[in-house]
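The next block holds one structure in the form of structure tokens; read it before the comments.
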Amino acid sequence: MNDRADKAMIELAGITKRFGSHVALNAVDLTVSQGEIVVIIGPSGSGKSTLLRCINLLEVPSEGRLTIDQKVIFDRPPGSPKLHFRRMDEIALKARRQSAMVFQRFNLFPHLNVLANVTVGPIKVSRQTRGEAETAARALLEKVGLSAKLDAYPAELSGGQQQRVAIARALAMNPKILLFDEPTSALDPELVGEVLKVIKDIAHDGVTKVIVTHEMGFAREIADRVVMVDHGRILEVGKPAEIFTRPRTERAQAFLRCLFEREATLKEVVS
């Protein structure tokens, strides 16, 4: 963790999200420090992605408080009425100006080439000139190993290449917070490594990162802290060595045992 880690960048307090009668998140409290890398793990349907999406208000919490860079962005006490959609749009925009998200399914614009996909946000949202945006985009695409693909369209790229473009596009917005929602889950197994390598390469650039993943070896290597979520609640939080070798709860022990057995089986099949 870097020297600025004593400053809170993300603070979730009592974040609850309901979809009808289903409680996807239940009074979640979590603080992420500036420059910290937090990896969220847990079984499918546990609320990991919902938690991530609440940070940039792609999902609007049913109640709770969201603070970004020590400024309260969203605050809805229990039982309070819903905000008018226009007011909610203004609040969500404040959150998204400070964060960028890399999705499972790359979400590139199919009608734009690689360079245009990376520059459209800085030009349209950040009001950069085309020259400024293209200079920055070329540098980012070189960083993710795609400087030879500037004129290619998404349909001409592999899944791993598309996800690397998506990472460059997110970085182009100069976010304070970078969110990854299972960035390798839609990839063929042989393409996972190239995306994980890019994330490792940018890991310690000072941008706060929250990553949802099932890649345990990657999580162990890259995370400052690991958060395990189950049934909409945070079950455990700790250093990777603590979570992966000495989980406190029986539920965490069972979940991690299952994952490690799966990884061992996959290695046997490959070898």
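Following the order of the structure tokens, chains are lettered A, B, ..., residues in each are numbered from 1, and ligands are numbered from 1.
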Open item on the list: I want to know what sits within 12 Å of Thr135 of chain A, based on only C-alpha atoms, with residues of the same chain fewer than 5 positions away left out; could you give that as an MDAnalysis selection string?
Closed with: chainID A and resid 115:116 118:119 122 128:130 140:142 147 150 172
File of the preceding selection, N, CA and C atoms, as a PDB file, in the first residue's frame:
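Saved to out.pdb:
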ATOM      1  N   LEU A 115      -8.794   3.367 -31.493  1.00  0.00           N
ATOM      2  CA  LEU A 115      -8.394   4.717 -31.080  1.00  0.00           C
ATOM      3  C   LEU A 115      -9.613   5.556 -30.719  1.00  0.00           C
ATOM      4  N   ALA A 116     -10.656   5.477 -31.522  1.00  0.00           N
ATOM      5  CA  ALA A 116     -11.865   6.257 -31.259  1.00  0.00           C
ATOM      6  C   ALA A 116     -12.569   5.788 -29.991  1.00  0.00           C
ATOM      7  N   VAL A 118     -11.183   4.738 -27.330  1.00  0.00           N
ATOM      8  CA  VAL A 118     -10.453   5.246 -26.173  1.00  0.00           C
ATOM      9  C   VAL A 118     -10.561   6.767 -26.054  1.00  0.00           C
ATOM     10  N   THR A 119     -10.742   7.462 -27.160  1.00  0.00           N
ATOM     11  CA  THR A 119     -10.761   8.931 -27.119  1.00  0.00           C
ATOM     12  C   THR A 119     -12.154   9.528 -26.956  1.00  0.00           C
ATOM     13  N   PRO A 122     -12.811  11.091 -23.241  1.00  0.00           N
ATOM     14  CA  PRO A 122     -12.093  12.346 -22.977  1.00  0.00           C
ATOM     15  C   PRO A 122     -12.567  13.521 -23.831  1.00  0.00           C
ATOM     16  N   GLN A 128     -11.498  17.346 -23.724  1.00  0.00           N
ATOM     17  CA  GLN A 128     -10.148  17.443 -24.269  1.00  0.00           C
ATOM     18  C   GLN A 128     -10.226  17.686 -25.772  1.00  0.00           C
ATOM     19  N   THR A 129      -9.188  18.298 -26.311  1.00  0.00           N
ATOM     20  CA  THR A 129      -9.127  18.424 -27.762  1.00  0.00           C
ATOM     21  C   THR A 129      -8.838  17.052 -28.354  1.00  0.00           C
ATOM     22  N   ARG A 130      -9.156  16.874 -29.629  1.00  0.00           N
ATOM     23  CA  ARG A 130      -8.899  15.589 -30.274  1.00  0.00           C
ATOM     24  C   ARG A 130      -7.412  15.249 -30.231  1.00  0.00           C
ATOM     25  N   LEU A 140      -1.556   5.058 -23.869  1.00  0.00           N
ATOM     26  CA  LEU A 140      -2.241   4.029 -23.090  1.00  0.00           C
ATOM     27  C   LEU A 140      -2.342   2.722 -23.863  1.00  0.00           C
ATOM     28  N   LEU A 141      -2.618   2.808 -25.157  1.00  0.00           N
ATOM     29  CA  LEU A 141      -2.720   1.592 -25.969  1.00  0.00           C
ATOM     30  C   LEU A 141      -1.361   0.906 -26.118  1.00  0.00           C
ATOM     31  N   GLU A 142      -0.308   1.695 -26.111  1.00  0.00           N
ATOM     32  CA  GLU A 142       1.031   1.090 -26.100  1.00  0.00           C
ATOM     33  C   GLU A 142       1.265   0.373 -24.765  1.00  0.00           C
ATOM     34  N   SER A 147      -0.634  -1.023 -29.527  1.00  0.00           N
ATOM     35  CA  SER A 147      -0.306   0.121 -30.373  1.00  0.00           C
ATOM     36  C   SER A 147      -0.430  -0.204 -31.854  1.00  0.00           C
ATOM     37  N   LEU A 150      -4.601   0.336 -33.553  1.00  0.00           N
ATOM     38  CA  LEU A 150      -5.334   1.596 -33.439  1.00  0.00           C
ATOM     39  C   LEU A 150      -6.517   1.684 -34.400  1.00  0.00           C
ATOM     40  N   ALA A 172      -8.119   6.319 -19.667  1.00  0.00           N
ATOM     41  CA  ALA A 172      -8.107   7.584 -20.409  1.00  0.00           C
ATOM     42  C   ALA A 172      -8.914   8.675 -19.717  1.00  0.00           C
TER      43      ALA A 172
END
Hey, what's within 8 Å of Tyr153 of chain A if we count only C-alpha atoms and toss same-chain stuff fewer than 3 positions away? As a PDB file with C-alpha atoms, in the first residue's frame, please?
ATOM      1  CA  PRO A 110     -18.692  -1.627 -32.332  1.00  0.00           C
ATOM      2  CA  HIS A 111     -18.848   1.162 -34.934  1.00  0.00           C
ATOM      3  CA  LEU A 112     -15.695   2.893 -33.634  1.00  0.00           C
ATOM      4  CA  ASN A 113     -12.121   1.737 -34.092  1.00  0.00           C
ATOM      5  CA  VAL A 114      -9.794   1.173 -31.153  1.00  0.00           C
ATOM      6  CA  GLU A 156     -11.558  -7.784 -35.454  1.00  0.00           C
ATOM      7  CA  LEU A 157     -10.079  -8.287 -31.976  1.00  0.00           C
TER       8      LEU A 157
END
Task: Residue nearest Glu194 of chain A - candidates A:Ala254, A:Ile55, A:Leu93, A:Val144, atoms counted: only C-alpha atoms - done: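 Result for the nearest residue to Glu194 of chain A: A:Val144.
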TODO: Check the DSSP output for the backbone and give back, as JSON, numbers by chain, the residues of segment 55-156 of chain A in strand (DSSP E or B).
DONE: {"A": [63, 64, 65, 66, 67, 68, 71, 72, 73, 74, 75, 76, 99, 100, 101, 102]}
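In this comparison, which uses only C-alpha atoms, the residue of A:Phe180, A:Phe85, A:Phe19, A:Phe106 approaching Arg53 of chain A most closely is A:Phe180.
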Task: Among listed residues A:Ile123, A:Cys54, A:Leu187, A:Leu146, nearest Ala24 of chain A (using only C-alpha atoms) - done: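 Residue with the minimum atom-to-atom distance to Ala24 of chain A: A:Cys54.
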- [ ] Could you give me the residues within segment 164-252 of chain A that DSSP places in alpha helix (DSSP H), as a ChimeraX atom specification?
- [x] /A:164-171,189-201,216-222,240-245,250-252
TODO: Rank nothing, just name the residue among A:Ile234, A:Thr208, A:Leu57, A:Val72 nearest to Leu30 of chain A, using only C-alpha atoms.
DONE: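 Residue with the minimum atom-to-atom distance to Leu30 of chain A: A:Ile234.
In this model, the gap between atom CA of Lys176 of chain A and atom CA of Val38 of chain A comes to 14.2 Å.
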Open item on the list: Using only C-alpha atoms, can you tell me which of A:His204, A:Leu58, A:Phe103, A:Asp224 comes closest to Val165 of chain A?
Closed with: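 Among the listed residues, A:Phe103 lies closest to Val165 of chain A.
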Task: Interatomic distance, atom CA of Ala13 of chain A to atom CA of Pro183 of chain A (Å, one decimal) - done: 26.1 Å
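Each of A:Phe74, A:Glu250, A:Gln104, A:Gly131 was checked against Arg87 of chain A using only C-alpha atoms; the smallest atom-to-atom distance is that of A:Phe74.
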